[in-house]
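Have a look at data22.csv; it's CSV, C-alpha atoms (C1' of nucleotides):
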```csv
chain,number,residue,atom,x,y,z
A,1,MET,CA,89.2,148.4,115.2
A,2,ALA,CA,92.7,147.4,116.0
A,3,LEU,CA,94.3,144.2,114.7
A,4,SER,CA,93.6,141.0,116.6
A,5,LYS,CA,96.3,139.5,118.8
A,6,ALA,CA,96.0,136.4,116.6
A,7,GLU,CA,96.7,138.3,113.4
A,8,ILE,CA,99.7,140.0,115.0
A,9,GLU,CA,101.0,136.7,116.1
A,10,ARG,CA,100.5,135.2,112.7
A,11,ARG,CA,102.5,138.1,111.2
A,12,MET,CA,105.3,137.6,113.8
A,13,GLU,CA,105.6,134.0,113.0
A,14,ARG,CA,105.8,134.6,109.3
A,15,MET,CA,108.5,137.2,110.0
A,16,ALA,CA,110.4,134.7,112.1
A,17,ARG,CA,110.1,132.0,109.4
A,18,THR,CA,111.2,134.4,106.6
A,19,CYS,CA,114.2,135.6,108.6
A,20,ARG,CA,115.3,132.0,109.3
A,21,ASP,CA,114.8,131.0,105.7
A,22,GLY,CA,116.8,134.1,104.6
A,23,GLY,CA,119.7,133.5,107.1
A,24,LEU,CA,118.8,136.6,109.0
A,25,LYS,CA,119.3,136.8,112.7
A,26,LEU,CA,116.2,137.2,114.9
A,27,THR,CA,117.5,140.0,117.0
A,28,HIS,CA,115.4,141.6,119.7
A,29,GLN,CA,115.5,144.9,117.9
A,30,ARG,CA,114.4,143.4,114.6
A,31,MET,CA,111.5,141.7,116.2
A,32,GLU,CA,110.3,144.8,118.0
A,33,VAL,CA,110.5,147.0,115.0
A,34,PHE,CA,108.4,144.4,113.1
A,35,ARG,CA,106.0,144.0,116.0
A,36,GLU,CA,105.4,147.7,116.0
A,37,LEU,CA,104.4,147.6,112.3
A,38,ALA,CA,102.5,144.4,112.6
A,39,GLY,CA,100.2,146.0,115.1
A,40,ALA,CA,99.8,149.4,113.4
A,41,GLU,CA,97.2,150.4,110.9
A,42,ASP,CA,98.3,154.0,110.3
A,43,HIS,CA,101.4,153.7,108.1
A,44,PRO,CA,103.8,155.2,110.6
A,45,ASP,CA,107.1,156.8,109.4
A,46,ALA,CA,110.5,155.7,110.6
A,47,GLU,CA,110.7,158.3,113.4
A,48,THR,CA,107.3,157.3,114.8
A,49,ILE,CA,108.4,153.7,114.8
A,50,TYR,CA,111.6,154.6,116.5
A,51,GLN,CA,109.9,156.6,119.2
A,52,HIS,CA,107.4,153.8,120.0
A,53,VAL,CA,110.0,150.9,119.9
A,54,ARG,CA,112.3,153.0,122.1
A,55,ARG,CA,109.8,152.7,125.0
A,56,ARG,CA,110.4,149.0,125.0
A,57,VAL,CA,114.0,148.9,123.8
A,58,PRO,CA,115.5,152.2,125.2
A,59,ALA,CA,119.0,151.7,123.6
A,60,ILE,CA,117.8,151.2,120.1
A,61,SER,CA,119.3,153.6,117.5
A,62,ARG,CA,117.6,155.4,114.7
A,63,ASP,CA,120.0,153.7,112.3
A,64,THR,CA,118.8,150.3,113.4
A,65,VAL,CA,115.2,151.3,112.8
A,66,TYR,CA,116.1,152.5,109.3
A,67,ARG,CA,118.2,149.5,108.5
A,68,THR,CA,115.6,147.1,109.8
A,69,LEU,CA,112.8,148.7,107.8
A,70,ALA,CA,114.9,148.4,104.6
A,71,THR,CA,115.7,144.7,105.4
A,72,LEU,CA,112.1,143.9,106.1
A,73,GLU,CA,111.1,145.5,102.9
A,74,GLU,CA,113.7,143.5,101.0
A,75,GLN,CA,112.3,140.3,102.5
A,76,GLY,CA,108.8,141.3,101.4
A,77,LEU,CA,107.5,141.5,104.9
A,78,ILE,CA,106.5,145.2,104.8
A,79,HIS,CA,105.8,147.8,102.2
A,80,LYS,CA,107.3,151.3,101.9
A,81,ALA,CA,104.6,153.5,100.6
A,82,GLU,CA,104.5,156.6,98.4
A,83,ILE,CA,108.1,157.3,98.0
A,84,LEU,CA,109.8,156.8,94.7
A,85,SER,CA,113.1,158.2,95.6
A,86,SER,CA,114.0,160.8,98.1
A,87,ARG,CA,113.6,163.5,95.6
A,88,GLY,CA,110.5,165.1,94.3
A,89,ARG,CA,109.8,164.7,90.6
A,90,TYR,CA,108.2,167.4,88.5
A,91,ASP,CA,106.1,167.4,85.4
A,92,ALA,CA,104.4,170.0,83.3
A,93,ASN,CA,102.0,167.6,81.7
A,94,MET,CA,98.7,168.5,83.2
A,95,ASP,CA,96.6,166.2,81.1
A,96,HIS,CA,95.2,163.4,83.2
A,97,HIS,CA,97.7,160.6,83.0
A,98,HIS,CA,99.2,157.7,84.9
A,99,HIS,CA,102.7,156.5,85.7
A,100,PHE,CA,104.9,153.6,85.0
A,101,ILE,CA,107.8,153.7,87.4
A,102,CYS,CA,111.0,151.6,86.9
A,103,THR,CA,112.0,150.3,90.3
A,104,ALA,CA,115.5,149.8,89.1
A,105,CYS,CA,116.5,153.2,87.7
A,106,GLY,CA,113.6,155.3,89.0
A,107,ARG,CA,112.6,156.6,85.6
A,108,VAL,CA,109.0,157.6,85.2
A,109,HIS,CA,106.9,157.2,82.0
A,110,ASP,CA,103.5,158.8,81.5
A,111,PHE,CA,100.7,156.9,79.9
A,112,TYR,CA,97.1,157.6,79.1
A,113,SER,CA,94.0,155.5,79.3
A,114,ARG,CA,90.4,156.6,79.2
A,115,THR,CA,89.4,153.5,81.1
A,116,LEU,CA,91.8,154.2,83.9
A,117,ASP,CA,90.8,157.8,84.1
A,118,ASP,CA,87.4,156.7,85.2
A,119,LEU,CA,88.0,154.1,87.8
A,120,PRO,CA,85.2,152.5,89.7
A,121,ILE,CA,85.8,153.8,93.3
A,122,PRO,CA,84.6,151.3,95.9
A,123,ARG,CA,81.7,152.7,98.0
A,124,SER,CA,83.6,152.0,101.2
A,125,VAL,CA,86.1,154.7,100.3
A,126,ALA,CA,83.5,157.4,100.9
A,127,SER,CA,83.8,156.8,104.6
A,128,PHE,CA,87.4,158.0,104.5
A,129,GLY,CA,86.6,161.3,102.8
A,130,ARG,CA,86.0,163.0,99.5
A,131,VAL,CA,88.1,161.8,96.6
A,132,GLU,CA,89.6,164.5,94.4
A,133,SER,CA,91.8,162.6,92.1
A,134,ALA,CA,92.7,159.0,91.2
A,135,GLN,CA,95.8,157.8,89.6
A,136,VAL,CA,97.3,154.4,88.7
A,137,GLN,CA,100.9,153.6,89.5
A,138,LEU,CA,102.5,150.8,87.7
A,139,ARG,CA,105.8,149.5,88.9
A,140,GLY,CA,108.2,147.3,87.1
A,141,ILE,CA,111.5,147.1,85.2
A,142,CYS,CA,111.9,149.3,82.2
A,143,THR,CA,113.3,147.8,78.9
A,144,SER,CA,116.7,149.5,79.2
A,145,CYS,CA,117.2,148.2,82.8
A,146,ALA,CA,116.0,144.7,81.8
A,147,LYS,CA,118.7,144.7,79.0
A,148,THR,CA,121.6,145.7,81.2
A,149,LYS,CA,120.7,143.0,83.7
A,150,GLU,CA,120.9,140.1,81.3
B,1,MET,CA,110.1,162.2,70.4
B,2,ALA,CA,110.6,165.5,72.0
B,3,LEU,CA,107.9,168.0,72.5
B,4,SER,CA,107.2,170.3,69.6
B,5,LYS,CA,108.2,173.9,69.8
B,6,ALA,CA,104.6,174.8,69.3
B,7,GLU,CA,103.5,172.8,72.3
B,8,ILE,CA,106.2,174.4,74.4
B,9,GLU,CA,105.1,177.8,73.3
B,10,ARG,CA,101.5,177.0,74.1
B,11,ARG,CA,102.5,176.0,77.6
B,12,MET,CA,104.7,179.1,78.0
B,13,GLU,CA,101.8,181.3,77.1
B,14,ARG,CA,99.4,179.6,79.5
B,15,MET,CA,102.0,180.1,82.2
B,16,ALA,CA,102.3,183.8,81.4
B,17,ARG,CA,98.5,184.2,81.4
B,18,THR,CA,98.2,182.3,84.7
B,19,CYS,CA,100.9,184.4,86.4
B,20,ARG,CA,99.3,187.7,85.2
B,21,ASP,CA,95.9,186.5,86.4
B,22,GLY,CA,97.3,185.5,89.7
B,23,GLY,CA,99.3,188.8,90.2
B,24,LEU,CA,102.6,187.0,90.0
B,25,LYS,CA,105.6,188.6,88.4
B,26,LEU,CA,106.9,187.2,85.2
B,27,THR,CA,110.6,187.1,86.2
B,28,HIS,CA,113.3,185.8,84.0
B,29,GLN,CA,114.1,183.0,86.5
B,30,ARG,CA,110.4,182.0,86.8
B,31,MET,CA,110.0,181.7,83.0
B,32,GLU,CA,113.3,179.7,82.6
B,33,VAL,CA,112.4,177.2,85.3
B,34,PHE,CA,109.0,176.7,83.7
B,35,ARG,CA,110.5,176.5,80.2
B,36,GLU,CA,112.8,173.8,81.4
B,37,LEU,CA,109.9,171.7,82.6
B,38,ALA,CA,107.6,172.6,79.6
B,39,GLY,CA,110.2,171.0,77.3
B,40,ALA,CA,111.0,168.0,79.5
B,41,GLU,CA,109.4,164.6,79.4
B,42,ASP,CA,111.5,162.8,82.0
B,43,HIS,CA,110.1,164.2,85.3
B,44,PRO,CA,113.3,165.8,86.4
B,45,ASP,CA,114.0,166.6,90.1
B,46,ALA,CA,114.7,170.1,91.4
B,47,GLU,CA,118.5,169.6,91.3
B,48,THR,CA,118.4,168.6,87.6
B,49,ILE,CA,116.2,171.5,86.8
B,50,TYR,CA,118.6,173.8,88.7
B,51,GLN,CA,121.7,172.4,86.8
B,52,HIS,CA,120.0,172.9,83.4
B,53,VAL,CA,118.6,176.3,84.0
B,54,ARG,CA,121.9,177.4,85.4
B,55,ARG,CA,123.4,177.0,82.0
B,56,ARG,CA,121.1,179.8,80.8
B,57,VAL,CA,120.8,181.8,84.0
B,58,PRO,CA,124.2,181.3,85.8
B,59,ALA,CA,123.3,183.3,88.9
B,60,ILE,CA,120.1,181.5,89.7
B,61,SER,CA,120.0,179.9,93.2
B,62,ARG,CA,118.7,176.6,94.3
B,63,ASP,CA,116.3,178.3,96.5
B,64,THR,CA,114.7,180.1,93.6
B,65,VAL,CA,114.2,176.8,91.8
B,66,TYR,CA,112.6,175.2,94.8
B,67,ARG,CA,110.4,178.3,95.5
B,68,THR,CA,109.4,178.6,91.8
B,69,LEU,CA,108.5,174.9,91.5
B,70,ALA,CA,106.3,175.3,94.6
B,71,THR,CA,104.7,178.4,93.2
B,72,LEU,CA,104.0,176.8,89.8
B,73,GLU,CA,102.5,173.8,91.5
B,74,GLU,CA,100.2,176.1,93.5
B,75,GLN,CA,99.1,177.7,90.3
B,76,GLY,CA,98.3,174.3,88.8
B,77,LEU,CA,100.9,174.7,86.1
B,78,ILE,CA,103.0,171.7,87.1
B,79,HIS,CA,102.6,168.5,89.1
B,80,LYS,CA,104.8,167.2,91.8
B,81,ALA,CA,104.8,163.5,91.5
B,82,GLU,CA,105.1,160.6,93.9
B,83,ILE,CA,105.9,162.3,97.1
B,84,LEU,CA,103.4,162.4,99.8
B,85,SER,CA,105.5,164.0,102.4
B,86,SER,CA,109.2,164.0,102.9
B,87,ARG,CA,109.0,160.9,105.0
B,88,GLY,CA,108.7,157.3,104.0
B,89,ARG,CA,105.6,155.5,105.3
B,90,TYR,CA,105.6,151.9,106.2
B,91,ASP,CA,103.0,149.2,106.3
B,92,ALA,CA,102.9,145.5,107.2
B,93,ASN,CA,99.7,144.8,105.3
B,94,MET,CA,101.0,142.7,102.4
B,95,ASP,CA,97.5,141.9,101.0
B,96,HIS,CA,97.0,143.6,97.7
B,97,HIS,CA,95.5,147.0,98.5
B,98,HIS,CA,95.1,150.6,97.4
B,99,HIS,CA,95.6,153.9,99.1
B,100,PHE,CA,93.4,156.9,99.9
B,101,ILE,CA,95.7,159.8,100.9
B,102,CYS,CA,94.5,162.9,102.6
B,103,THR,CA,96.3,165.8,101.0
B,104,ALA,CA,95.6,167.9,104.1
B,105,CYS,CA,96.9,165.8,106.9
B,106,GLY,CA,98.8,163.1,105.0
B,107,ARG,CA,97.0,160.2,106.6
B,108,VAL,CA,96.8,157.1,104.5
B,109,HIS,CA,93.9,154.7,104.5
B,110,ASP,CA,94.1,151.2,102.9
B,111,PHE,CA,91.2,149.9,100.9
B,112,TYR,CA,90.5,146.8,98.9
B,113,SER,CA,88.9,146.2,95.5
B,114,ARG,CA,88.9,143.1,93.4
B,115,THR,CA,88.1,145.2,90.3
B,116,LEU,CA,91.0,147.6,91.0
B,117,ASP,CA,93.4,144.7,91.7
B,118,ASP,CA,93.0,143.6,88.1
B,119,LEU,CA,93.2,146.7,86.1
B,120,PRO,CA,93.3,146.7,82.3
B,121,ILE,CA,96.8,147.8,81.5
B,122,PRO,CA,97.0,149.7,78.1
B,123,ARG,CA,99.0,147.8,75.5
B,124,SER,CA,101.2,150.8,75.0
B,125,VAL,CA,102.7,150.4,78.4
B,126,ALA,CA,104.4,147.2,77.3
B,127,SER,CA,106.9,149.3,75.4
B,128,PHE,CA,108.1,150.9,78.6
B,129,GLY,CA,108.9,147.6,80.3
B,130,ARG,CA,107.5,144.7,82.3
B,131,VAL,CA,104.8,145.6,84.8
B,132,GLU,CA,105.2,144.0,88.2
B,133,SER,CA,102.6,145.7,90.2
B,134,ALA,CA,99.7,148.1,89.8
B,135,GLN,CA,98.2,150.3,92.5
B,136,VAL,CA,95.6,152.9,92.7
B,137,GLN,CA,96.2,156.1,94.6
B,138,LEU,CA,93.3,158.3,95.5
B,139,ARG,CA,93.8,161.7,96.8
B,140,GLY,CA,91.3,163.9,98.6
B,141,ILE,CA,90.3,165.4,101.9
B,142,CYS,CA,89.5,163.0,104.8
B,143,THR,CA,86.4,163.4,106.8
B,144,SER,CA,88.2,164.7,109.9
B,145,CYS,CA,90.1,167.3,108.0
B,146,ALA,CA,86.9,168.4,106.1
B,147,LYS,CA,85.3,168.9,109.5
B,148,THR,CA,88.0,171.1,111.0
B,149,LYS,CA,88.0,173.3,107.9
B,150,GLU,CA,84.3,174.3,108.1
C,1,DT,C1',110.1,207.5,80.7
C,2,DC,C1',111.1,207.7,85.7
C,3,DT,C1',110.1,206.4,90.4
C,4,DC,C1',108.7,203.5,93.9
C,5,DT,C1',107.6,199.4,96.4
C,6,DA,C1',106.2,194.9,97.2
C,7,DA,C1',107.5,190.7,95.3
C,8,DA,C1',111.2,188.0,94.1
C,9,DC,C1',115.9,186.9,94.2
C,10,DA,C1',120.9,185.3,95.8
C,11,DA,C1',123.9,183.3,99.0
C,12,DG,C1',124.7,180.7,102.5
C,13,DA,C1',123.2,179.0,107.1
C,14,DA,C1',119.8,175.9,109.2
C,15,DT,C1',116.9,172.0,109.4
C,16,DA,C1',115.2,167.3,108.7
C,17,DA,C1',115.4,162.7,107.0
C,18,DT,C1',118.4,159.3,106.1
C,19,DT,C1',122.9,156.9,105.7
C,20,DC,C1',127.6,156.0,106.8
C,21,DC,C1',131.5,154.7,109.9
C,22,DG,C1',134.3,152.7,113.5
C,23,DA,C1',133.9,150.4,117.6
C,24,DT,C1',131.2,147.0,120.2
C,25,DT,C1',127.8,143.3,121.0
C,26,DC,C1',125.4,139.2,120.2
C,27,DA,C1',122.6,135.2,117.7
C,28,DG,C1',123.1,130.9,116.6
C,29,DG,C1',126.1,127.2,114.6
C,30,DA,C1',130.0,124.1,116.0
D,1,DT,C1',130.5,127.2,126.0
D,2,DC,C1',133.1,129.4,122.3
D,3,DC,C1',133.6,131.7,118.0
D,4,DT,C1',132.5,134.6,114.1
D,5,DG,C1',130.2,137.2,111.0
D,6,DA,C1',126.0,139.7,111.3
D,7,DA,C1',123.9,143.3,113.6
D,8,DT,C1',123.9,147.1,116.7
D,9,DC,C1',125.1,151.8,118.8
D,10,DG,C1',126.1,156.6,118.7
D,11,DG,C1',127.5,160.2,116.5
D,12,DA,C1',129.2,162.3,112.3
D,13,DA,C1',128.2,162.9,107.5
D,14,DT,C1',125.2,163.5,103.6
D,15,DT,C1',121.3,165.0,101.0
D,16,DA,C1',117.2,167.4,99.9
D,17,DT,C1',114.8,171.3,101.2
D,18,DT,C1',113.7,175.6,103.7
D,19,DC,C1',114.8,179.7,106.1
D,20,DT,C1',117.1,184.3,106.8
D,21,DT,C1',119.0,188.5,105.6
D,22,DG,C1',120.3,191.8,102.5
D,23,DT,C1',119.7,193.1,97.5
D,24,DT,C1',117.5,193.4,93.0
D,25,DT,C1',113.7,194.1,89.9
D,26,DA,C1',108.9,193.7,87.6
D,27,DG,C1',105.4,196.3,86.8
D,28,DA,C1',102.1,199.8,88.6
D,29,DG,C1',101.4,204.7,88.7
D,30,DA,C1',103.1,209.5,88.1
```
I'd like the structure from this file rewritten - as structure tokens, please.
Amino acid sequence: MALSKAEIERRMERMARTCRDGGLKLTHQRMEVFRELAGAEDHPDAETIYQHVRRRVPAISRDTVYRTLATLEEQGLIHKAEILSSRGRYDANMDHHHHFICTACGRVHDFYSRTLDDLPIPRSVASFGRVESAQVQLRGICTSCAKTKE
Amino acid sequence: MALSKAEIERRMERMARTCRDGGLKLTHQRMEVFRELAGAEDHPDAETIYQHVRRRVPAISRDTVYRTLATLEEQGLIHKAEILSSRGRYDANMDHHHHFICTACGRVHDFYSRTLDDLPIPRSVASFGRVESAQVQLRGICTSCAKTKE
DNA sequence: TCTCTAAACAAGAATAATTCCGATTCAGGA
DNA sequence: TCCTGAATCGGAATTATTCTTGTTTAGAGA
């Protein structure tokens, strides 16, 4: 079940409005990168987006795709999923725990919660596959980053 | 509050036992990489671990650190946090949602849950900082990967 | 204890994702 | 239409990670 044309158009319009409000130019490239994501449901990566948009905008560069994705994320128009930083982070704490991630400095704090260890998984998820683990990720600003910002 | 010597030793012993059981050699390098993580609470990345271990084992190579971390993770002795794959994944769905991630193929499925949108955050987290968003990550094997494995 | 061998290691080259840089183009306001 | 700063292009640079080749070594067995 792909997204409806109407939904895509709604997203395109919101994007155009946000860009205008933010003083960002509505370039052909920017719109096509967003259109690609607005119609996708499979969380594509930058390279995939680049390859698809290139069919419509042959001269577009990878750099533009990367820059545009970063800009759109800043504007709150898209999400970048899963990645904390470009580096993997390791941890020898094998007790079941959850993470608080500071979006400013990238620091990760573990925390524990019996309630969160045993989350109610919606029945609909079963259609995706078998769940093997569940973890809560909190994002925010840590106390030391909050201090330095003031 | 650093980890107690006793806890570190407990982890070291478990590591030694696991290696022996798995037919893995207890090399100096392997033990020092694990010791570094066993005593750390800050989720260091591979480069940081390399720099620290190097002070004790000057000739160790980055490759060994990377290989050892992968081996330790396979053995269930450490966690690799946050990273799904090496590529960022993008998403124009800005409604609050959660993720089911297939650990075999890396595919990501969105799902929705009012209950999960409003998780009870433990009071202790407040000491880390201000929480701005909460998201549940489920990991497992998706139906299509489960099929091809049979 | 000594020997042997597969497993593990070191060093640096290779790869992959992403970002930077200098030159060029263009969106949108005047 | 003209102008200017923002955005783009193309390729080089950077960063994290993995691979390759030759060397070392843990630990099994004599």
Item to check | Exercise: Thr103 in chain B partners within 12 Å, all atoms listed in the file, chain neighbours under 5 positions left out, as a VMD selection string | outcome: (chain A and resid 129 to 133) or (chain B and resid 83 to 85 108 to 109 137 to 143 145 to 146)
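Picture a line from C1' of DA14 in chain C to C1' of DT18 in chain D; it runs 8.2 Å.
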Next on the checklist: Can you tell me which residues surround range 6-16 of chain D at a distance of at most 7 Å, considering only C-alpha atoms (C1' of nucleotides), apart from same-chain residues fewer than 3 positions away, and format the answer as an MDAnalysis selection string?
Outcome noted: (chainID A and resid 61 64 87) or (chainID C and resid 20 25)
Item to check | Interface list for chain C, partner chain A, 9 Å threshold, only C-alpha atoms (C1' of nucleotides), as a PyMOL selection string | outcome: chain C and resi 18-19+26-28
Checklist entry - For chain A, which residue among B:Arg123, B:Ala70, B:Pro44, B:Gln75 is the nearest when counting only C-alpha atoms? => result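 So, comparing all the options, the nearest one is B:Pro44.
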Checklist entry - When you draw a straight line from CA of Leu116 in chain A to CA of Val136 in chain A, how long is it in Å? => result 7.3 Å
Item to check | Coordinates-based distance that separates CA of Gly106 in chain B from CA of Asp95 in chain A (Å, one decimal) | outcome: 24.2 Å
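Using all atoms listed in the file for every distance, the candidate list D:DT24, D:DG29, D:DC3, D:DT17 yields D:DT17 as the residue closest to chain A.
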Next on the checklist: Given only C-alpha atoms as the basis, pick out the residue of A:Ala6, A:Val53, A:Leu72, A:Ala38 nearest to chain B.
Outcome noted: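 Result for the nearest residue to chain B: A:Ala38.
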Next on the checklist: Using all atoms listed in the file for the distances, tell me which of C:DA17, C:DC2, C:DA30, C:DA11 is nearest to DG22 in chain D.
Outcome noted: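 Once distances to DG22 in chain D are computed over all atoms listed in the file, the minimum belongs to C:DA11.
Proximity ranking of B:Gln29, B:Glu74, B:Glu9, B:His96 relative to chain D places B:Gln29 first, based on only C-alpha atoms (C1' of nucleotides).
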